[in-house]
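Enquirer: Encoded as C-alpha cells, here's the structure I'll be asking about.
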Amino acid sequence: MAYGVGVRQLSVTPMNRGIEDFFTVKPDVEKPLVVGREWQSEHLRLKSFDDLHKLWYILLKEQNALFTERYHAKLKRQQLEAPHRLRMVRKSMTRIKHVLTERAIEEAGGNEDQRKVMMRLINGPQGATYVNKPYPSKEAAASPEP
C-alpha cells in the first residue's frame with residue numbers, strides 16, 4: 001500500500017511566536033469567516049506517517065487556537081464565530097487516529113502483543129482519549145481504603 005501519494009499538500013502558517021499565534025486574524029469585519037472542510041479518512045489513508053504526524057500537530061495547534069478564541073468570546077459574552085470549526089478539527093484528529101489504528105492492525109497481523117504495543121503508541125499510555133472512565137462514587141471517595 002502506497003502511503004506517499006498525497007491528495008492535498010500540507011501548508012504550515014508562519015508562526016508569530018507570541019499570543020497572536022492563538023487568534024484568527026480576520027482582515028475584513030464585514031465578510032464572514034471562510035473555513036475549509038474536515039479531513040476525510042480516504043484522503044488520510046493516502047498520506048505517509050510523517051505527513052499524518054505533521055497534520056496532527058497542525059490540527060492540535062488549530063484546536064488550541066479555537067479553545068483560546070472560545071475562552072475570549074465567553075469573557076466578552078459573545079458567540080464563537082463559526083463554532084463548527086472545533087468539531088471539524090476534532091473529527092479530523094479522530095480520523096487520523098483511526099487510520100493509524102488500521103495500519104497498526106494491518107502491520108501486526110495476528111500478533112496480539114505487537115498490536116497492543118502499537119495501539120499504546122497511538123493512544124498514549126493512558127489508553128484512548130475518547131473512552132469515558134467512570135468517576136468513583138461519593139461513598140467510595142469518602143471511605144478510606146485499608
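Following the order of the C-alpha cells, chains are lettered A, B, ..., residues in each are numbered from 1, and ligands are numbered from 1.
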When you look at Val35 of chain A with a cut-off of 12 Å (counting only C-alpha atoms), what residues show up, excluding the ones that are within fewer than 5 positions of it in the same chain? I need them as a list of chain:residue names.
Expert: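 That gives A:Thr24, A:Lys26, A:Glu62, A:Glu81, A:Ala82, A:Pro83, A:His84, A:Arg85, A:Leu86, A:Met88, A:Val89.
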Enquirer: Could you write out the selected residues, including all heavy atoms, as a short mmCIF file (atom, residue, chain, number, x, y, z; two decimals), in the first residue's frame?
Expert:
```
data_model
loop_
_atom_site.label_atom_id
_atom_site.label_comp_id
_atom_site.auth_asym_id
_atom_site.auth_seq_id
_atom_site.Cartn_x
_atom_site.Cartn_y
_atom_site.Cartn_z
N THR A 24 -7.33 33.92 15.36
CA THR A 24 -7.55 34.01 13.93
C THR A 24 -7.61 35.47 13.55
O THR A 24 -8.39 36.24 14.10
CB THR A 24 -8.88 33.32 13.54
OG1 THR A 24 -8.83 31.97 13.98
CG2 THR A 24 -9.10 33.36 12.05
N LYS A 26 -8.76 38.24 11.25
CA LYS A 26 -9.79 38.47 10.26
C LYS A 26 -9.54 39.81 9.59
O LYS A 26 -9.67 40.85 10.22
CB LYS A 26 -11.17 38.47 10.93
CG LYS A 26 -12.11 37.46 10.33
CD LYS A 26 -13.38 37.36 11.09
CE LYS A 26 -14.31 38.46 10.67
NZ LYS A 26 -15.63 38.33 11.22
N GLU A 62 -4.39 24.28 15.81
CA GLU A 62 -5.68 24.89 15.47
C GLU A 62 -6.69 24.68 16.60
O GLU A 62 -7.45 25.59 16.94
CB GLU A 62 -6.21 24.29 14.16
CG GLU A 62 -7.54 24.86 13.72
CD GLU A 62 -7.48 26.31 13.29
OE1 GLU A 62 -6.38 26.81 12.99
OE2 GLU A 62 -8.54 26.95 13.27
N GLU A 81 -17.27 32.66 16.67
CA GLU A 81 -17.57 32.71 15.24
C GLU A 81 -17.25 31.36 14.61
O GLU A 81 -16.16 30.82 14.79
CB GLU A 81 -16.76 33.80 14.57
CG GLU A 81 -17.17 34.02 13.14
CD GLU A 81 -16.57 35.27 12.56
OE1 GLU A 81 -15.77 35.92 13.24
OE2 GLU A 81 -16.91 35.59 11.42
N ALA A 82 -18.20 30.82 13.87
CA ALA A 82 -18.09 29.51 13.21
C ALA A 82 -17.68 28.44 14.22
O ALA A 82 -16.61 27.85 14.13
CB ALA A 82 -17.12 29.57 12.04
N PRO A 83 -18.55 28.16 15.21
CA PRO A 83 -18.19 27.19 16.24
C PRO A 83 -18.02 25.77 15.71
O PRO A 83 -17.41 24.93 16.37
CB PRO A 83 -19.34 27.27 17.24
CG PRO A 83 -20.48 27.83 16.47
CD PRO A 83 -19.89 28.71 15.43
N HIS A 84 -18.51 25.50 14.52
CA HIS A 84 -18.36 24.16 13.94
C HIS A 84 -16.91 23.83 13.61
O HIS A 84 -16.57 22.67 13.39
CB HIS A 84 -19.23 24.03 12.69
CG HIS A 84 -18.79 24.91 11.57
ND1 HIS A 84 -19.08 26.26 11.53
CD2 HIS A 84 -18.05 24.65 10.46
CE1 HIS A 84 -18.56 26.77 10.43
NE2 HIS A 84 -17.93 25.83 9.77
N ARG A 85 -16.03 24.83 13.61
CA ARG A 85 -14.62 24.58 13.31
C ARG A 85 -14.00 23.63 14.32
O ARG A 85 -13.20 22.77 13.98
CB ARG A 85 -13.83 25.89 13.29
CG ARG A 85 -14.22 26.83 12.19
CD ARG A 85 -13.40 28.10 12.25
NE ARG A 85 -13.72 28.85 13.46
CZ ARG A 85 -13.00 29.85 13.93
NH1 ARG A 85 -11.90 30.23 13.32
NH2 ARG A 85 -13.36 30.50 15.02
N LEU A 86 -14.38 23.77 15.59
CA LEU A 86 -13.83 22.90 16.63
C LEU A 86 -14.24 21.45 16.40
O LEU A 86 -13.43 20.53 16.53
CB LEU A 86 -14.28 23.39 18.01
CG LEU A 86 -13.61 22.78 19.22
CD1 LEU A 86 -12.10 22.94 19.14
CD2 LEU A 86 -14.13 23.42 20.48
N MET A 88 -14.98 20.14 13.52
CA MET A 88 -14.26 19.67 12.33
C MET A 88 -12.83 19.26 12.67
O MET A 88 -12.33 18.24 12.17
CB MET A 88 -14.27 20.76 11.25
CG MET A 88 -15.62 20.97 10.63
SD MET A 88 -15.77 22.41 9.55
CE MET A 88 -14.29 22.44 8.64
N VAL A 89 -12.18 20.02 13.51
CA VAL A 89 -10.80 19.70 13.91
C VAL A 89 -10.79 18.40 14.71
O VAL A 89 -9.95 17.52 14.47
CB VAL A 89 -10.18 20.86 14.73
CG1 VAL A 89 -8.89 20.43 15.39
CG2 VAL A 89 -9.94 22.06 13.84
#
```
Enquirer: Can you tell me which residues surround Arg115 of chain A at a distance of at most 12 Å, considering only C-alpha atoms, apart from same-chain residues fewer than 6 positions away, and format the answer as a PDB file with C-alpha atoms, in the first residue's frame?
Expert:
```pdb
ATOM      1  CA  LEU A 100      -3.136   4.848  12.293  1.00  0.00           C
ATOM      2  CA  THR A 101      -5.128   2.140  14.095  1.00  0.00           C
ATOM      3  CA  GLU A 102      -5.961   0.471  10.781  1.00  0.00           C
ATOM      4  CA  ARG A 103      -2.286   0.496   9.854  1.00  0.00           C
ATOM      5  CA  ALA A 104      -1.274  -0.901  13.244  1.00  0.00           C
ATOM      6  CA  ILE A 105      -3.731  -3.788  12.936  1.00  0.00           C
ATOM      7  CA  GLU A 106      -2.549  -4.499   9.387  1.00  0.00           C
ATOM      8  CA  GLU A 107       1.132  -4.428  10.359  1.00  0.00           C
ATOM      9  CA  ALA A 108       0.622  -6.565  13.462  1.00  0.00           C
ATOM     10  CA  GLY A 109      -1.134  -9.306  11.542  1.00  0.00           C
ATOM     11  CA  LEU A 121       1.914   4.220  20.880  1.00  0.00           C
ATOM     12  CA  ILE A 122      -1.095   5.639  19.035  1.00  0.00           C
TER      13      ILE A 122
END
```
Enquirer: Which is closest to Leu52 of chain A among A:Gln79, A:Trp39, A:His72, A:Gly110, if we use only C-alpha atoms?
Expert: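 Closest to Leu52 of chain A, using only C-alpha atoms: A:Trp39.
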Enquirer: Could you tell me how far atom CA of Gln63 of chain A sits from atom CA of Lys76 of chain A, in Å to one decimal place?
Expert: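 Result for atom CA of Lys76 of chain A versus atom CA of Gln63 of chain A: 20.0 Å, one decimal.
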